[in-house]
Amino acid sequence: MAKKQPHYEDRAHYPEQSAISTGLAGRCPRCGEGKLFKSLLKPVDQCAICGLDMGFAEEGDGPAVLVILILGFVVAGLALAMEYLLRPSVWVHIILWVPVITALALISLRWMKGVMIAAQYKTKAAEGLLENADQE
Ligand SMILES: [Zn+2]
């Protein structure tokens with residue numbers, strides 16, 4: 001019989017939450033009410049409402065890679081379009097794009113992290129473990 005994971009019992013007590021909506025809102029993936037982050041990008045250790053242990057949340061570099069790819073594509077396109085259409089001097093690009101990229105990266109990194117943690121909870125994604133690793 002398959003080993004039971006901690007969040008199997010959750011379904012009876014909490015309605016299923018959308019990973020995208022709870023992640024974007026920065027809410028707990030189980031109850032949808034508790035806060036997911038204790039600071040801008042740091043997840044809480046435990047949900048204050050339902051007590052879900054967020055120890056499973058190990059999203060690694062996933063959110064950062066997605067933000068770099070998506071935001072880099074969008075901002076590079078906008079900068080090229082601005083250069084082609086308006087031909088501003090270099091300092092205008094620096095003054096405009098550095099704060100825009102910084103703000104968008106922080107906001108979208110929080111969203112992406114929330115969505116990935118919620119998706120990780122929903123799909124029960126975890127580090128691969130050998131079933132009989134202790135017998136070796
Ligand atoms: Zn919760």
# chains A, B, ... in the order shown; residues from 1 in each chain; ligands from 1
$ residues_around --residues "range 94-110 of chain A" --least-positions-apart "2" --cutoff "7 Å" --atoms "only C-alpha atoms" --output "ChimeraX atom specification"
/A:40-41,63-64,67,90-92,112-114
$ write_last_selection --atoms "C-alpha atoms" --output "PDB file, in the first residue's frame"
ATOM      1  CA  LEU A  40       7.976  40.129   0.657  1.00  0.00           C
ATOM      2  CA  LEU A  41       9.295  36.770  -0.562  1.00  0.00           C
ATOM      3  CA  PRO A  63      10.036  31.177  -9.803  1.00  0.00           C
ATOM      4  CA  ALA A  64      13.207  33.185 -10.503  1.00  0.00           C
ATOM      5  CA  VAL A  67      10.345  35.626 -13.936  1.00  0.00           C
ATOM      6  CA  VAL A  90      20.918  56.083 -22.868  1.00  0.00           C
ATOM      7  CA  TRP A  91      20.324  57.736 -19.485  1.00  0.00           C
ATOM      8  CA  VAL A  92      16.558  57.771 -20.185  1.00  0.00           C
ATOM      9  CA  MET A 112       5.203  33.176  -9.136  1.00  0.00           C
ATOM     10  CA  LYS A 113       6.456  31.888  -5.799  1.00  0.00           C
ATOM     11  CA  GLY A 114       2.908  31.803  -4.436  1.00  0.00           C
TER      12      GLY A 114
END
$ select_by_dssp --residues "chain A" --states "strand (DSSP E or B)" --output "VMD selection string"
chain A and resid 27 35 37 43 46 53
$ atom_distance --atom1 "CA of Cys47 in chain A" --atom2 "CA of Cys31 in chain A"
8.7 Å
$ residues_near_ligand --ligand "ligand 1" --cutoff "9 Å" --atoms "only C-alpha atoms and all ligand atoms" --output "PDB file with N, CA and C atoms, in the first residue's frame"
ATOM      1  N   ARG A  27      -2.094  33.596  -0.486  1.00  0.00           N
ATOM      2  CA  ARG A  27      -2.874  32.940   0.573  1.00  0.00           C
ATOM      3  C   ARG A  27      -2.474  31.469   0.703  1.00  0.00           C
ATOM      4  N   CYS A  28      -2.836  30.901   1.825  1.00  0.00           N
ATOM      5  CA  CYS A  28      -2.525  29.507   2.123  1.00  0.00           C
ATOM      6  C   CYS A  28      -3.160  28.595   1.070  1.00  0.00           C
ATOM      7  N   PRO A  29      -2.403  27.625   0.530  1.00  0.00           N
ATOM      8  CA  PRO A  29      -2.959  26.753  -0.496  1.00  0.00           C
ATOM      9  C   PRO A  29      -4.015  25.771   0.019  1.00  0.00           C
ATOM     10  N   ARG A  30      -4.083  25.539   1.336  1.00  0.00           N
ATOM     11  CA  ARG A  30      -5.080  24.602   1.863  1.00  0.00           C
ATOM     12  C   ARG A  30      -6.384  25.310   2.206  1.00  0.00           C
ATOM     13  N   CYS A  31      -6.341  26.362   3.023  1.00  0.00           N
ATOM     14  CA  CYS A  31      -7.582  27.012   3.457  1.00  0.00           C
ATOM     15  C   CYS A  31      -7.927  28.241   2.606  1.00  0.00           C
ATOM     16  N   GLY A  32      -6.946  28.827   1.934  1.00  0.00           N
ATOM     17  CA  GLY A  32      -7.203  29.997   1.097  1.00  0.00           C
ATOM     18  C   GLY A  32      -7.393  31.276   1.884  1.00  0.00           C
ATOM     19  N   GLU A  33      -7.172  31.238   3.184  1.00  0.00           N
ATOM     20  CA  GLU A  33      -7.405  32.424   4.021  1.00  0.00           C
ATOM     21  C   GLU A  33      -6.131  32.942   4.684  1.00  0.00           C
ATOM     22  N   GLY A  34      -5.322  32.056   5.225  1.00  0.00           N
ATOM     23  CA  GLY A  34      -4.106  32.479   5.918  1.00  0.00           C
ATOM     24  C   GLY A  34      -3.073  33.060   4.964  1.00  0.00           C
ATOM     25  N   LYS A  35      -2.215  33.909   5.510  1.00  0.00           N
ATOM     26  CA  LYS A  35      -1.172  34.525   4.690  1.00  0.00           C
ATOM     27  C   LYS A  35      -0.112  33.487   4.330  1.00  0.00           C
ATOM     28  N   LEU A  36       0.398  33.579   3.095  1.00  0.00           N
ATOM     29  CA  LEU A  36       1.437  32.666   2.634  1.00  0.00           C
ATOM     30  C   LEU A  36       2.831  33.216   2.903  1.00  0.00           C
ATOM     31  N   GLN A  46       4.101  28.268   9.074  1.00  0.00           N
ATOM     32  CA  GLN A  46       2.850  27.545   9.304  1.00  0.00           C
ATOM     33  C   GLN A  46       1.687  28.519   9.062  1.00  0.00           C
ATOM     34  N   CYS A  47       0.598  28.022   8.484  1.00  0.00           N
ATOM     35  CA  CYS A  47      -0.565  28.877   8.255  1.00  0.00           C
ATOM     36  C   CYS A  47      -1.194  29.257   9.596  1.00  0.00           C
ATOM     37  N   ALA A  48      -1.496  30.541   9.769  1.00  0.00           N
ATOM     38  CA  ALA A  48      -2.065  31.005  11.030  1.00  0.00           C
ATOM     39  C   ALA A  48      -3.529  30.583  11.176  1.00  0.00           C
ATOM     40  N   ILE A  49      -4.202  30.261  10.088  1.00  0.00           N
ATOM     41  CA  ILE A  49      -5.623  29.896  10.138  1.00  0.00           C
ATOM     42  C   ILE A  49      -5.807  28.382  10.292  1.00  0.00           C
ATOM     43  N   CYS A  50      -5.218  27.608   9.381  1.00  0.00           N
ATOM     44  CA  CYS A  50      -5.456  26.152   9.400  1.00  0.00           C
ATOM     45  C   CYS A  50      -4.282  25.356   9.953  1.00  0.00           C
ATOM     46  N   GLY A  51      -3.143  25.999  10.153  1.00  0.00           N
ATOM     47  CA  GLY A  51      -1.997  25.308  10.737  1.00  0.00           C
ATOM     48  C   GLY A  51      -1.191  24.468   9.764  1.00  0.00           C
ATOM     49  N   LEU A  52      -1.400  24.650   8.461  1.00  0.00           N
ATOM     50  CA  LEU A  52      -0.648  23.878   7.467  1.00  0.00           C
ATOM     51  C   LEU A  52       0.846  24.170   7.608  1.00  0.00           C
ATOM     52  N   ASP A  53       1.637  23.125   7.777  1.00  0.00           N
ATOM     53  CA  ASP A  53       3.089  23.274   7.870  1.00  0.00           C
ATOM     54  C   ASP A  53       3.641  23.517   6.472  1.00  0.00           C
TER      55      ASP A  53
END
$ atom_distance --atom1 "CA of Ala118 in chain A" --atom2 "CA of Gly72 in chain A"
24.3 Å
$ atom_distance --atom1 "CA of Met54 in chain A" --atom2 "CA of Ile117 in chain A"
8.8 Å
$ residues_around --residues "Ala119 in chain A" --least-positions-apart "4" --cutoff "6 Å" --atoms "only C-alpha atoms" --output "PyMOL selection string"
chain A and resi 19+115+123
$ select_by_dssp --residues "chain A" --states "helix (DSSP H, G or I)" --output "PyMOL selection string"
chain A and resi 6-12+19-25+54-56+62-86+90-123+133-135
$ decode --residues "range 41-58 of chain A" --atoms "N, CA and C atoms" --output "compact mmCIF listing (two decimals), in the first residue's frame"
# COMPACT_ATOMS: atom_id res chain seq x y z
N LEU A 41 9.11 38.01 0.18
CA LEU A 41 9.30 36.77 -0.56
C LEU A 41 9.48 35.56 0.33
N LYS A 42 9.43 35.71 1.65
CA LYS A 42 9.68 34.59 2.56
C LYS A 42 8.36 33.97 3.00
N PRO A 43 8.15 32.68 2.72
CA PRO A 43 6.90 32.03 3.14
C PRO A 43 6.85 31.85 4.65
N VAL A 44 5.65 31.82 5.19
CA VAL A 44 5.48 31.57 6.62
C VAL A 44 5.85 30.13 6.92
N ASP A 45 6.14 29.83 8.18
CA ASP A 45 6.47 28.46 8.57
C ASP A 45 5.21 27.61 8.68
N GLN A 46 4.10 28.27 9.07
CA GLN A 46 2.85 27.54 9.30
C GLN A 46 1.69 28.52 9.06
N CYS A 47 0.60 28.02 8.48
CA CYS A 47 -0.56 28.88 8.25
C CYS A 47 -1.19 29.26 9.60
N ALA A 48 -1.50 30.54 9.77
CA ALA A 48 -2.07 31.01 11.03
C ALA A 48 -3.53 30.58 11.18
N ILE A 49 -4.20 30.26 10.09
CA ILE A 49 -5.62 29.90 10.14
C ILE A 49 -5.81 28.38 10.29
N CYS A 50 -5.22 27.61 9.38
CA CYS A 50 -5.46 26.15 9.40
C CYS A 50 -4.28 25.36 9.95
N GLY A 51 -3.14 26.00 10.15
CA GLY A 51 -2.00 25.31 10.74
C GLY A 51 -1.19 24.47 9.76
N LEU A 52 -1.40 24.65 8.46
CA LEU A 52 -0.65 23.88 7.47
C LEU A 52 0.85 24.17 7.61
N ASP A 53 1.64 23.13 7.78
CA ASP A 53 3.09 23.27 7.87
C ASP A 53 3.64 23.52 6.47
N MET A 54 4.29 24.65 6.28
CA MET A 54 4.80 25.01 4.95
C MET A 54 6.20 24.45 4.70
N GLY A 55 6.59 23.46 5.48
CA GLY A 55 7.91 22.86 5.30
C GLY A 55 8.09 22.21 3.94
N PHE A 56 6.98 21.86 3.29
CA PHE A 56 7.05 21.23 1.97
C PHE A 56 7.43 22.23 0.88
N ALA A 57 7.31 23.54 1.18
CA ALA A 57 7.49 24.57 0.16
C ALA A 57 8.97 24.76 -0.16
N GLU A 58 9.42 24.07 -1.17
CA GLU A 58 10.79 24.22 -1.64
C GLU A 58 10.74 24.42 -3.14
